[in-house]
file query16.tsv (TSV, C-alpha atoms)
chain	number	residue	atom	x	y	z
A	10	MET	CA	23.32	164.41	-7.09
A	11	LYS	CA	26.08	166.74	-6.00
A	12	MET	CA	29.39	165.69	-7.56
A	13	THR	CA	33.02	166.45	-6.85
A	14	ARG	CA	36.33	166.34	-8.66
A	15	GLN	CA	35.80	165.35	-12.34
A	16	PRO	CA	32.95	164.39	-14.71
A	17	HIS	CA	34.51	160.92	-15.02
A	18	ASP	CA	34.08	160.55	-11.25
A	19	GLN	CA	30.42	161.51	-11.60
A	20	TYR	CA	29.48	158.84	-14.10
A	21	SER	CA	31.54	156.18	-12.34
A	22	LYS	CA	29.78	156.96	-9.05
A	23	GLU	CA	26.38	156.86	-10.75
A	24	ALA	CA	27.25	153.45	-12.20
A	25	LEU	CA	28.40	152.23	-8.77
A	26	LEU	CA	25.11	153.42	-7.28
A	27	GLU	CA	23.22	151.43	-9.94
A	28	ILE	CA	25.13	148.29	-8.91
A	29	LEU	CA	24.35	148.90	-5.23
A	30	ALA	CA	20.69	149.71	-5.94
A	31	PHE	CA	20.37	146.33	-7.66
A	32	PHE	CA	20.97	144.62	-4.31
A	33	GLY	CA	18.50	146.73	-2.32
A	34	GLY	CA	19.41	147.90	1.16
A	35	LYS	CA	20.37	151.48	1.86
A	36	SER	CA	22.70	153.20	-0.56
A	37	GLU	CA	23.39	156.90	-0.54
A	38	SER	CA	25.52	159.34	-2.48
A	39	GLN	CA	27.15	162.36	-0.86
A	40	ARG	CA	26.42	161.12	2.69
A	41	PHE	CA	26.73	163.99	5.18
A	42	LEU	CA	29.26	163.03	7.83
A	43	HIS	CA	30.57	165.98	9.83
A	44	PRO	CA	28.44	168.23	12.09
A	45	LYS	CA	30.65	171.34	11.84
A	46	GLU	CA	32.41	171.03	8.51
A	47	VAL	CA	30.73	170.10	5.23
A	48	TYR	CA	32.19	166.69	4.51
A	49	TYR	CA	30.43	164.16	2.32
A	50	ALA	CA	31.29	160.58	1.49
A	51	ASP	CA	31.03	159.71	-2.19
A	52	ILE	CA	28.86	156.63	-1.60
A	53	SER	CA	27.63	154.74	1.44
A	54	PHE	CA	25.97	151.33	1.36
A	55	GLU	CA	24.19	149.23	3.97
A	56	PRO	CA	23.17	145.82	2.58
A	57	PRO	CA	19.70	144.47	3.45
A	58	PRO	CA	19.64	141.56	5.94
A	59	THR	CA	18.09	139.31	3.29
A	60	LEU	CA	20.90	139.78	0.76
A	61	SER	CA	22.49	136.40	0.01
A	62	LYS	CA	26.03	135.49	-1.00
A	63	ALA	CA	24.65	134.02	-4.22
A	64	GLU	CA	23.22	137.41	-5.20
A	65	LEU	CA	26.45	139.21	-4.34
A	66	LYS	CA	28.41	136.77	-6.51
A	67	LYS	CA	26.80	138.38	-9.57
A	68	VAL	CA	29.36	141.20	-9.27
A	69	GLY	CA	32.31	139.00	-8.30
A	70	ILE	CA	34.77	140.39	-5.80
A	71	LEU	CA	32.83	143.66	-5.61
A	72	GLY	CA	30.10	141.61	-3.93
A	73	ASP	CA	32.56	140.62	-1.17
A	74	MET	CA	33.37	144.29	-0.65
A	75	ILE	CA	29.75	145.39	-0.17
A	76	ALA	CA	28.66	142.41	1.96
A	77	ILE	CA	28.95	144.67	5.04
A	78	PRO	CA	28.15	148.39	5.50
A	79	CYS	CA	30.76	150.50	3.77
A	80	LEU	CA	31.84	153.84	2.39
A	81	ILE	CA	33.19	153.93	-1.16
A	82	GLU	CA	35.48	156.76	-2.24
A	83	TYR	CA	36.30	156.72	-5.96
A	84	PHE	CA	39.22	158.52	-7.62
A	85	TRP	CA	39.60	158.76	-11.39
A	86	THR	CA	42.83	160.67	-10.73
A	87	PRO	CA	44.92	158.95	-8.04
A	88	PRO	CA	44.36	160.55	-4.61
A	89	THR	CA	46.97	162.49	-2.72
A	90	GLN	CA	47.95	161.49	0.82
A	91	MET	CA	45.76	164.28	2.19
A	92	GLU	CA	42.73	163.11	0.18
A	93	ALA	CA	43.19	159.58	1.45
A	94	CYS	CA	43.42	160.87	5.03
A	95	LEU	CA	40.17	162.79	4.56
A	96	CYS	CA	38.54	159.52	3.45
A	97	LEU	CA	39.64	157.94	6.72
A	98	MET	CA	38.19	160.86	8.64
A	99	LYS	CA	34.81	160.26	6.97
A	100	LEU	CA	34.88	156.62	8.03
A	101	PHE	CA	35.73	157.46	11.63
A	102	SER	CA	33.00	160.10	11.67
A	103	TRP	CA	30.49	157.35	10.79
A	104	HIS	CA	31.99	155.13	13.50
A	105	GLY	CA	31.59	158.03	15.93
A	106	ASP	CA	27.90	158.34	15.05
A	107	LEU	CA	27.43	154.61	15.74
A	108	LEU	CA	29.24	154.93	19.08
A	109	ARG	CA	27.05	157.85	20.19
A	110	GLU	CA	23.93	155.94	19.16
A	111	ALA	CA	25.12	152.88	21.08
A	112	LYS	CA	25.69	154.97	24.20
A	113	ARG	CA	22.16	156.37	23.98
A	114	LYS	CA	20.72	152.90	23.47
A	115	LYS	CA	22.72	151.50	26.43
A	116	LYS	CA	21.45	154.28	28.68
A	117	GLU	CA	17.84	153.59	27.68
A	118	LEU	CA	18.28	149.88	28.36
A	119	GLU	CA	19.76	150.58	31.78
A	120	GLU	CA	16.87	152.87	32.69
A	121	ASN	CA	14.19	150.45	31.48
A	122	ASN	CA	15.74	147.27	32.83
A	123	PRO	CA	18.54	147.83	35.41
A	124	GLN	CA	18.83	144.08	35.98
A	125	LYS	CA	20.03	143.44	32.45
A	126	VAL	CA	22.73	146.02	31.93
A	127	LYS	CA	24.70	145.44	28.72
A	128	THR	CA	28.26	146.49	27.93
A	129	LEU	CA	28.82	149.08	25.24
A	130	GLN	CA	30.42	146.43	23.03
A	131	GLU	CA	27.20	144.40	23.14
A	132	VAL	CA	25.16	147.37	21.97
A	133	LEU	CA	27.49	148.40	19.14
A	134	PRO	CA	26.94	146.82	15.70
A	135	LYS	CA	28.75	143.49	15.39
A	136	THR	CA	30.47	144.70	12.23
A	137	LEU	CA	31.59	148.31	11.88
A	138	PRO	CA	31.43	149.95	8.43
A	139	LYS	CA	34.44	149.58	6.18
A	140	LEU	CA	36.08	152.13	3.89
A	141	TRP	CA	37.03	151.23	0.32
A	142	ILE	CA	39.22	153.70	-1.56
A	143	LEU	CA	38.97	152.91	-5.27
A	144	THR	CA	41.63	154.45	-7.48
A	145	THR	CA	42.42	153.86	-11.13
A	146	SER	CA	46.12	153.64	-10.22
A	147	ALA	CA	48.49	154.28	-7.33
A	148	SER	CA	52.24	154.73	-7.02
A	149	GLN	CA	54.34	152.48	-4.84
A	150	ALA	CA	55.40	155.57	-2.88
A	151	PHE	CA	51.74	156.36	-2.09
A	152	LEU	CA	51.04	152.80	-0.90
A	153	THR	CA	54.25	152.66	1.13
A	154	SER	CA	53.42	155.94	2.86
A	155	PHE	CA	50.36	154.29	4.45
A	156	ASP	CA	52.16	151.00	5.12
A	157	VAL	CA	49.31	149.07	3.52
A	158	LYS	CA	49.73	145.36	2.85
A	159	PRO	CA	48.18	142.91	0.36
A	160	ARG	CA	46.15	139.98	1.68
A	161	GLN	CA	46.32	137.63	-1.27
A	162	SER	CA	45.18	134.68	0.81
A	163	ALA	CA	41.72	136.28	0.93
A	164	TRP	CA	41.82	138.99	-1.74
A	165	CYS	CA	43.35	139.15	-5.20
A	166	LYS	CA	46.21	141.30	-6.47
A	167	GLY	CA	45.40	145.02	-6.40
A	168	PHE	CA	43.88	145.00	-2.89
A	169	TYR	CA	45.85	146.67	-0.08
A	170	PHE	CA	44.81	146.93	3.56
A	171	PHE	CA	45.55	149.12	6.55
A	172	GLY	CA	45.83	147.48	9.99
A	173	GLU	CA	42.75	145.49	11.03
A	174	ALA	CA	41.40	148.15	13.40
A	175	MET	CA	41.37	150.74	10.61
A	176	ASN	CA	38.70	148.84	8.60
A	177	THR	CA	40.08	150.27	5.36
A	178	GLY	CA	41.20	148.89	2.04
A	179	ILE	CA	42.64	150.48	-1.10
A	180	VAL	CA	41.75	148.95	-4.48
A	181	VAL	CA	44.18	149.79	-7.29
A	182	ILE	CA	42.06	149.03	-10.32
A	183	ASP	CA	44.79	148.77	-12.95
A	184	GLU	CA	46.52	146.07	-10.86
A	185	LEU	CA	43.49	143.76	-10.72
A	186	PRO	CA	43.76	140.47	-12.63
A	187	GLU	CA	41.71	140.26	-15.83
A	188	THR	CA	39.06	137.80	-14.65
A	189	LEU	CA	35.26	137.75	-14.45
A	190	GLU	CA	35.63	138.10	-10.67
A	191	THR	CA	37.08	141.60	-11.10
A	192	VAL	CA	35.27	142.82	-14.22
A	193	TRP	CA	32.67	144.88	-12.30
A	194	LEU	CA	35.52	146.82	-10.69
A	195	ARG	CA	37.67	147.14	-13.80
A	196	ILE	CA	34.92	149.02	-15.69
A	197	PHE	CA	35.86	151.96	-13.44
A	198	GLY	CA	39.49	151.88	-14.55
A	199	LYS	CA	41.28	153.86	-17.25
A	200	ASN	CA	42.54	153.18	-20.75
A	201	LYS	CA	42.91	149.49	-21.66
A	202	THR	CA	41.86	148.37	-18.18
A	203	GLN	CA	38.42	149.87	-18.69
A	204	GLN	CA	38.26	148.97	-22.38
A	205	LYS	CA	38.88	145.27	-21.78
A	206	ALA	CA	36.35	145.18	-18.93
A	207	ILE	CA	33.63	146.81	-21.04
A	208	GLU	CA	34.37	144.46	-23.93
A	209	THR	CA	34.11	141.47	-21.54
A	210	LEU	CA	30.73	142.56	-20.18
A	211	ALA	CA	29.42	143.43	-23.63
A	212	ILE	CA	29.86	139.86	-24.90
A	213	LEU	CA	28.31	138.11	-21.89
A	214	ASP	CA	25.20	136.09	-22.72
A	215	ASP	CA	23.38	136.94	-19.49
A	216	LYS	CA	22.61	140.66	-19.70
A	217	GLY	CA	20.04	141.18	-16.97
A	218	PRO	CA	18.74	144.38	-15.34
A	219	LEU	CA	22.05	145.01	-13.54
A	220	PHE	CA	23.98	145.12	-16.81
A	221	ARG	CA	21.39	147.36	-18.49
A	222	ASN	CA	21.16	149.81	-15.60
A	223	VAL	CA	24.92	150.25	-15.30
A	224	PHE	CA	25.48	150.56	-19.03
A	225	ASP	CA	22.62	153.07	-19.28
A	226	VAL	CA	24.81	155.38	-17.19
A	227	PHE	CA	27.82	154.88	-19.46
A	228	TYR	CA	25.69	155.27	-22.59
A	229	LYS	CA	24.20	158.49	-21.22
A	230	TRP	CA	27.76	159.71	-20.71
A	231	HIS	CA	28.47	158.64	-24.30
A	232	GLU	CA	25.54	160.69	-25.62
A	233	ASP	CA	26.29	163.74	-23.43
A	234	THR	CA	29.96	163.75	-24.37
A	235	GLN	CA	29.30	163.42	-28.10
A	236	ALA	CA	27.24	166.61	-27.93
A	237	GLN	CA	30.12	168.62	-26.45
A	238	ASP	CA	32.45	170.76	-28.54
A	239	ASN	CA	35.60	170.95	-26.41
A	240	LEU	CA	36.51	167.39	-25.47
A	241	THR	CA	39.45	166.67	-23.20
A	242	PRO	CA	41.87	163.87	-24.09
A	243	GLU	CA	40.21	161.78	-21.35
A	244	ASP	CA	36.78	162.39	-22.91
A	245	LYS	CA	37.99	161.30	-26.34
A	246	GLU	CA	39.64	158.22	-24.87
A	247	LEU	CA	36.50	157.08	-23.08
A	248	LEU	CA	34.37	157.76	-26.16
A	249	MET	CA	36.63	155.45	-28.16
A	250	ILE	CA	36.24	152.77	-25.48
A	251	LEU	CA	32.45	153.07	-25.21
A	252	SER	CA	31.52	153.53	-28.87
A	253	PRO	CA	31.94	149.89	-30.01
A	254	ALA	CA	29.97	148.52	-27.04
A	255	TYR	CA	27.33	151.23	-27.48
A	256	GLU	CA	26.80	150.53	-31.18
A	257	LYS	CA	26.79	146.77	-30.62
A	258	SER	CA	24.24	147.04	-27.82
A	259	ARG	CA	22.02	149.34	-29.84
A	260	THR	CA	22.09	147.10	-32.91
A	261	GLN	CA	21.46	143.98	-30.84
A	262	ALA	CA	18.53	145.61	-29.04
A	263	ILE	CA	16.90	146.59	-32.34
A	264	LEU	CA	17.40	143.12	-33.84
A	265	GLU	CA	16.02	141.43	-30.71
A	266	GLY	CA	13.04	143.74	-30.80
A	267	MET	CA	12.41	142.89	-34.46
A	268	LEU	CA	12.60	139.16	-33.74
A	269	GLN	CA	10.24	139.46	-30.77
A	270	GLY	CA	7.83	141.48	-32.82
A	271	ARG	CA	7.89	138.96	-35.65
A	272	GLU	CA	7.38	136.03	-33.28
A	273	GLN	CA	4.53	137.77	-31.50
A	274	GLY	CA	2.97	138.64	-34.83
A	275	ILE	CA	3.03	134.97	-35.87
A	276	GLN	CA	1.54	133.86	-32.55
A	277	GLN	CA	-1.30	136.34	-32.93
A	278	GLY	CA	-1.96	135.29	-36.49
A	279	ILE	CA	-0.98	138.64	-37.91
A	280	GLN	CA	0.21	138.35	-41.49
A	281	GLN	CA	0.40	141.92	-42.67
A	282	GLY	CA	3.92	142.08	-44.03
A	283	ILE	CA	7.37	143.14	-42.95
A	284	GLN	CA	6.47	146.76	-42.21
A	285	GLN	CA	4.03	145.85	-39.48
A	286	GLY	CA	6.58	143.43	-38.00
A	287	ILE	CA	9.15	146.21	-37.83
A	288	GLN	CA	6.59	148.56	-36.22
A	289	GLN	CA	5.69	145.97	-33.60
A	290	ALA	CA	9.37	145.30	-32.97
A	291	GLN	CA	10.02	149.00	-32.41
A	292	ARG	CA	7.11	149.19	-29.96
A	293	LEU	CA	8.44	146.21	-27.97
A	294	PHE	CA	11.94	147.64	-28.04
A	295	VAL	CA	10.74	150.99	-26.63
A	296	LYS	CA	8.56	149.28	-24.02
A	297	SER	CA	11.47	147.08	-22.89
A	298	TRP	CA	13.74	150.11	-22.45
A	299	LEU	CA	11.12	152.01	-20.45
A	300	GLN	CA	10.39	149.00	-18.22
A	301	SER	CA	14.08	148.47	-17.45
A	302	ARG	CA	14.46	152.14	-16.46
A	303	PHE	CA	11.14	153.03	-14.80
A	304	GLY	CA	9.44	149.74	-13.93
A	305	GLU	CA	5.75	149.28	-14.70
A	306	ILE	CA	4.40	151.09	-17.78
A	307	ASP	CA	1.56	153.32	-16.55
A	308	LYS	CA	-0.99	155.21	-18.65
A	309	ALA	CA	1.27	158.24	-19.14
A	310	LEU	CA	4.23	156.14	-20.29
A	311	SER	CA	1.94	154.15	-22.62
A	312	GLN	CA	1.51	157.34	-24.66
A	313	VAL	CA	5.29	157.70	-24.76
A	314	VAL	CA	5.63	154.12	-26.07
A	315	GLU	CA	3.31	154.81	-28.99
A	316	SER	CA	4.95	158.14	-29.82
A	317	LEU	CA	8.52	156.82	-29.67
A	318	ALA	CA	7.55	153.76	-31.70
A	319	GLN	CA	6.80	156.08	-34.63
A	320	LEU	CA	10.38	157.39	-34.67
A	321	PRO	CA	13.19	155.78	-36.66
A	322	PRO	CA	15.00	153.14	-34.52
A	323	GLU	CA	18.21	155.19	-34.51
A	324	GLU	CA	16.40	158.22	-33.07
A	325	SER	CA	14.51	156.35	-30.34
A	326	THR	CA	17.67	154.45	-29.34
A	327	ARG	CA	19.53	157.75	-29.00
A	328	LEU	CA	16.82	159.37	-26.85
A	329	LEU	CA	15.81	156.52	-24.52
A	330	PRO	CA	18.98	156.33	-22.36
A	331	LYS	CA	19.36	160.11	-22.37
A	332	LEU	CA	15.98	161.56	-21.38
A	333	SER	CA	14.47	161.37	-17.89
A	334	ARG	CA	10.88	160.27	-17.31
A	335	GLU	CA	9.79	163.91	-17.01
A	336	GLU	CA	11.55	164.85	-20.25
A	337	LEU	CA	10.01	161.90	-22.09
A	338	LEU	CA	6.51	162.79	-20.88
A	339	ALA	CA	6.96	166.47	-21.75
A	340	ARG	CA	8.23	165.69	-25.23
A	341	PHE	CA	6.12	162.69	-26.23
A	342	GLY	CA	3.42	162.06	-23.62
A	343	LYS	CA	0.75	164.43	-24.95
A	344	LYS	CA	1.61	164.33	-28.59
A	345	GLU	CA	-1.78	162.96	-29.59
A	346	SER	CA	-3.74	165.71	-27.83
A	347	LYS	CA	-1.87	168.55	-29.45

call {"tool": "encode", "arguments": {"input": "query16.tsv", "output": "structure tokens"}}
result
Amino acid sequence: MKMTRQPHDQYSKEALLEILAFFGGKSESQRFLHPKEVYYADISFEPPPTLSKAELKKVGILGDMIAIPCLIEYFWTPPTQMEACLCLMKLFSWHGDLLREAKRKKKELEENNPQKVKTLQEVLPKTLPKLWILTTSASQAFLTSFDVKPRQSAWCKGFYFFGEAMNTGIVVIDELPETLETVWLRIFGKNKTQQKAIETLAILDDKGPLFRNVFDVFYKWHEDTQAQDNLTPEDKELLMILSPAYEKSRTQAILEGMLQGREQGIQQGIQQGIQQGIQQAQRLFVKSWLQSRFGEIDKALSQVVESLAQLPPEESTRLLPKLSREELLARFGKKESK
């Protein structure tokens, strides 16, 4: 995926894409928008028709934002006025594409059935895509320059909107209230805003596939950053935020795997001591990780399960969120045949 601006933007966008992918529909990074100039939107999302409000509620107020087609532009460093204007241009470029498509469709309808000529408004989508500009912070001068207004009757503090026809909102992440409704947005903030959000998610009882997929991205960032020599102050800050959640998640995963292995061993009548229970736990732990990342365990990945299960838990836990399927197969898939 082609990335812009900063590494922090990259991992935040990847995490956002994981959230959107959880709901199905059509999500796309670096959407091409301009026929003559190379302009890309960070993320576009078109929800599937079957997506329910109950499903969207899993990510709180973020679910309300992605209930209709939208572009999402994320800024780790607050955008300038020019950058915000370019975001608007990308939205209107998408609107222009929809208008041209509607005109073509209207012409076809008129040619095929002249008796039932529709207006252009009837052919256009009922809801035009919206633009969300996410920024970790924003000055009052920046917000005033666009004359944006809060709509606290419908949206919480931290949301600012252009006029209705502009279909655009700005989300200032460090102004959002510290509630479960906003936690899936606050993980993309900075400093204590992000730290508190990650701590909140890390202690939730219900850690389903959405949680694991998003935190896999952050944990991969954690692993990649630890391996670097020259860390920026921002890198060090985010490492400090992620490390406690990372270690807690890793320890919990190992313990859960050990308990599952022990329970399964009892159910199967296997009474061969603690070592075999630990080995079975490690195998289940590895299999669970691979299933959450790649889906069904096929024959090739089965070899990876057995190979990784032989490693110390600390080593397998370090490698699983970091390596791609191809890297895992190359490193562990044919170990037995060598």

call {"tool": "residues_around", "arguments": {"input": "query16.tsv", "residues": "Thr153 (chain A)", "least_positions_apart": "4", "cutoff": "12 Å", "atoms": "all atoms listed in the file", "output": "mmCIF file with C-alpha atoms, in the coordinates of the input"}}
result
data_model
loop_
_atom_site.group_PDB
_atom_site.id
_atom_site.type_symbol
_atom_site.label_atom_id
_atom_site.label_comp_id
_atom_site.auth_asym_id
_atom_site.auth_seq_id
_atom_site.Cartn_x
_atom_site.Cartn_y
_atom_site.Cartn_z
ATOM 1 C CA GLN A 90 47.950 161.490 0.820
ATOM 2 C CA ALA A 147 48.490 154.280 -7.330
ATOM 3 C CA SER A 148 52.240 154.730 -7.020
ATOM 4 C CA GLN A 149 54.340 152.480 -4.840
ATOM 5 C CA VAL A 157 49.310 149.070 3.520
ATOM 6 C CA LYS A 158 49.730 145.360 2.850
ATOM 7 C CA PRO A 159 48.180 142.910 0.360
ATOM 8 C CA TYR A 169 45.850 146.670 -0.080
ATOM 9 C CA PHE A 170 44.810 146.930 3.560
ATOM 10 C CA PHE A 171 45.550 149.120 6.550
#

call {"tool": "atom_distance", "arguments": {"input": "query16.tsv", "atom1": "CA of Ser102 (chain A)", "atom2": "CA of Leu29 (chain A)"}}
result
22.0 Å

call {"tool": "atom_distance", "arguments": {"input": "query16.tsv", "atom1": "CA of Ala150 (chain A)", "atom2": "CA of Thr89 (chain A)"}}
result
10.9 Å

call {"tool": "closest_residue", "arguments": {"input": "query16.tsv", "among": "A:Ile207, A:Leu60, A:Ile77, A:Leu213", "to": "Phe31 (chain A)", "atoms": "only C-alpha atoms"}}
result
A:Leu60

call {"tool": "residues_around", "arguments": {"input": "query16.tsv", "residues": "region 80-84 of chain A", "least_positions_apart": "4", "cutoff": "6 Å", "atoms": "all atoms listed in the file", "output": "list in words"}}
result
Asp51, Ile52, Ser53, Leu140, Trp141, Ile142, Leu143 and Thr144 of chain A

call {"tool": "residues_around", "arguments": {"input": "query16.tsv", "residues": "Lys135 (chain A)", "least_positions_apart": "5", "cutoff": "12 Å", "atoms": "all atoms listed in the file", "output": "CSV table (one decimal) with C-alpha atoms, in the frame of the given file"}}
result
chain,number,residue,atom,x,y,z
A,77,ILE,CA,29.0,144.7,5.0
A,78,PRO,CA,28.2,148.4,5.5
A,107,LEU,CA,27.4,154.6,15.7
A,111,ALA,CA,25.1,152.9,21.1
A,129,LEU,CA,28.8,149.1,25.2
A,130,GLN,CA,30.4,146.4,23.0

call {"tool": "residues_around", "arguments": {"input": "query16.tsv", "residues": "region 295-308 of chain A", "least_positions_apart": "6", "cutoff": "9 Å", "atoms": "only C-alpha atoms", "output": "list in words"}}
result
Pro218, Arg221, Asn222, Asp225, Gly266, Val314, Glu315, Leu317, Ala318, Ser325, Thr326, Leu329, Pro330 and Arg334 of chain A

call {"tool": "residues_around", "arguments": {"input": "query16.tsv", "residues": "Cys94 (chain A)", "least_positions_apart": "3", "cutoff": "12 Å", "atoms": "all atoms listed in the file", "output": "mmCIF file with C-alpha atoms, in the coordinates of the input"}}
result
data_model
loop_
_atom_site.group_PDB
_atom_site.id
_atom_site.type_symbol
_atom_site.label_atom_id
_atom_site.label_comp_id
_atom_site.auth_asym_id
_atom_site.auth_seq_id
_atom_site.Cartn_x
_atom_site.Cartn_y
_atom_site.Cartn_z
ATOM 1 C CA GLU A 82 35.480 156.760 -2.240
ATOM 2 C CA PRO A 88 44.360 160.550 -4.610
ATOM 3 C CA THR A 89 46.970 162.490 -2.720
ATOM 4 C CA GLN A 90 47.950 161.490 0.820
ATOM 5 C CA MET A 91 45.760 164.280 2.190
ATOM 6 C CA LEU A 97 39.640 157.940 6.720
ATOM 7 C CA MET A 98 38.190 160.860 8.640
ATOM 8 C CA LYS A 99 34.810 160.260 6.970
ATOM 9 C CA LEU A 100 34.880 156.620 8.030
ATOM 10 C CA PHE A 101 35.730 157.460 11.630
ATOM 11 C CA LEU A 140 36.080 152.130 3.890
ATOM 12 C CA ILE A 142 39.220 153.700 -1.560
ATOM 13 C CA PHE A 151 51.740 156.360 -2.090
ATOM 14 C CA SER A 154 53.420 155.940 2.860
ATOM 15 C CA PHE A 155 50.360 154.290 4.450
ATOM 16 C CA MET A 175 41.370 150.740 10.610
ATOM 17 C CA THR A 177 40.080 150.270 5.360
#

call {"tool": "closest_residue", "arguments": {"input": "query16.tsv", "among": "A:Leu189, A:Ala211, A:Ile196, A:Leu137", "to": "Glu173 (chain A)", "atoms": "all atoms listed in the file"}}
result
A:Leu137

call {"tool": "atom_distance", "arguments": {"input": "query16.tsv", "atom1": "CA of Leu293 (chain A)", "atom2": "CA of Lys331 (chain A)"}}
result
18.5 Å

call {"tool": "closest_residue", "arguments": {"input": "query16.tsv", "among": "A:Gln161, A:Lys116, A:Ala93, A:Leu108", "to": "Ile179 (chain A)", "atoms": "all atoms listed in the file"}}
result
A:Ala93

call {"tool": "build_atoms", "arguments": {"input": "query16.tsv", "residues": "region 110-122 of chain A", "atoms": "N, CA, C and O atoms", "output": "PDB file, in the coordinates of the input"}}
result
ATOM      1  N   GLU A 110      25.223 156.606  19.163  1.00  0.00           N
ATOM      2  CA  GLU A 110      23.930 155.940  19.160  1.00  0.00           C
ATOM      3  C   GLU A 110      23.923 154.753  20.115  1.00  0.00           C
ATOM      4  O   GLU A 110      22.935 154.506  20.825  1.00  0.00           O
ATOM      5  N   ALA A 111      25.031 154.021  20.172  1.00  0.00           N
ATOM      6  CA  ALA A 111      25.120 152.880  21.080  1.00  0.00           C
ATOM      7  C   ALA A 111      25.067 153.329  22.537  1.00  0.00           C
ATOM      8  O   ALA A 111      24.445 152.668  23.385  1.00  0.00           O
ATOM      9  N   LYS A 112      25.722 154.445  22.831  1.00  0.00           N
ATOM     10  CA  LYS A 112      25.690 154.970  24.200  1.00  0.00           C
ATOM     11  C   LYS A 112      24.271 155.370  24.606  1.00  0.00           C
ATOM     12  O   LYS A 112      23.835 155.123  25.742  1.00  0.00           O
ATOM     13  N   ARG A 113      23.548 155.994  23.683  1.00  0.00           N
ATOM     14  CA  ARG A 113      22.160 156.370  23.980  1.00  0.00           C
ATOM     15  C   ARG A 113      21.288 155.129  24.202  1.00  0.00           C
ATOM     16  O   ARG A 113      20.467 155.078  25.120  1.00  0.00           O
ATOM     17  N   LYS A 114      21.509 154.135  23.354  1.00  0.00           N
ATOM     18  CA  LYS A 114      20.720 152.900  23.470  1.00  0.00           C
ATOM     19  C   LYS A 114      21.037 152.182  24.778  1.00  0.00           C
ATOM     20  O   LYS A 114      20.139 151.671  25.461  1.00  0.00           O
ATOM     21  N   LYS A 115      22.310 152.154  25.176  1.00  0.00           N
ATOM     22  CA  LYS A 115      22.720 151.500  26.430  1.00  0.00           C
ATOM     23  C   LYS A 115      22.077 152.203  27.626  1.00  0.00           C
ATOM     24  O   LYS A 115      21.587 151.553  28.561  1.00  0.00           O
ATOM     25  N   LYS A 116      22.052 153.526  27.578  1.00  0.00           N
ATOM     26  CA  LYS A 116      21.450 154.280  28.680  1.00  0.00           C
ATOM     27  C   LYS A 116      19.959 153.990  28.802  1.00  0.00           C
ATOM     28  O   LYS A 116      19.428 153.815  29.909  1.00  0.00           O
ATOM     29  N   GLU A 117      19.268 153.902  27.660  1.00  0.00           N
ATOM     30  CA  GLU A 117      17.840 153.590  27.680  1.00  0.00           C
ATOM     31  C   GLU A 117      17.590 152.195  28.241  1.00  0.00           C
ATOM     32  O   GLU A 117      16.661 151.985  29.025  1.00  0.00           O
ATOM     33  N   LEU A 118      18.432 151.237  27.860  1.00  0.00           N
ATOM     34  CA  LEU A 118      18.280 149.880  28.360  1.00  0.00           C
ATOM     35  C   LEU A 118      18.496 149.813  29.873  1.00  0.00           C
ATOM     36  O   LEU A 118      17.793 149.102  30.594  1.00  0.00           O
ATOM     37  N   GLU A 119      19.479 150.562  30.344  1.00  0.00           N
ATOM     38  CA  GLU A 119      19.760 150.580  31.780  1.00  0.00           C
ATOM     39  C   GLU A 119      18.607 151.182  32.575  1.00  0.00           C
ATOM     40  O   GLU A 119      18.274 150.734  33.674  1.00  0.00           O
ATOM     41  N   GLU A 120      17.987 152.226  31.999  1.00  0.00           N
ATOM     42  CA  GLU A 120      16.870 152.870  32.690  1.00  0.00           C
ATOM     43  C   GLU A 120      15.627 151.991  32.687  1.00  0.00           C
ATOM     44  O   GLU A 120      14.875 151.953  33.668  1.00  0.00           O
ATOM     45  N   ASN A 121      15.400 151.282  31.594  1.00  0.00           N
ATOM     46  CA  ASN A 121      14.190 150.450  31.480  1.00  0.00           C
ATOM     47  C   ASN A 121      14.328 149.101  32.187  1.00  0.00           C
ATOM     48  O   ASN A 121      13.330 148.542  32.646  1.00  0.00           O
ATOM     49  N   ASN A 122      15.546 148.585  32.228  1.00  0.00           N
ATOM     50  CA  ASN A 122      15.740 147.270  32.830  1.00  0.00           C
ATOM     51  C   ASN A 122      17.112 147.216  33.499  1.00  0.00           C
ATOM     52  O   ASN A 122      18.069 146.670  32.950  1.00  0.00           O
TER      53      ASN A 122
END
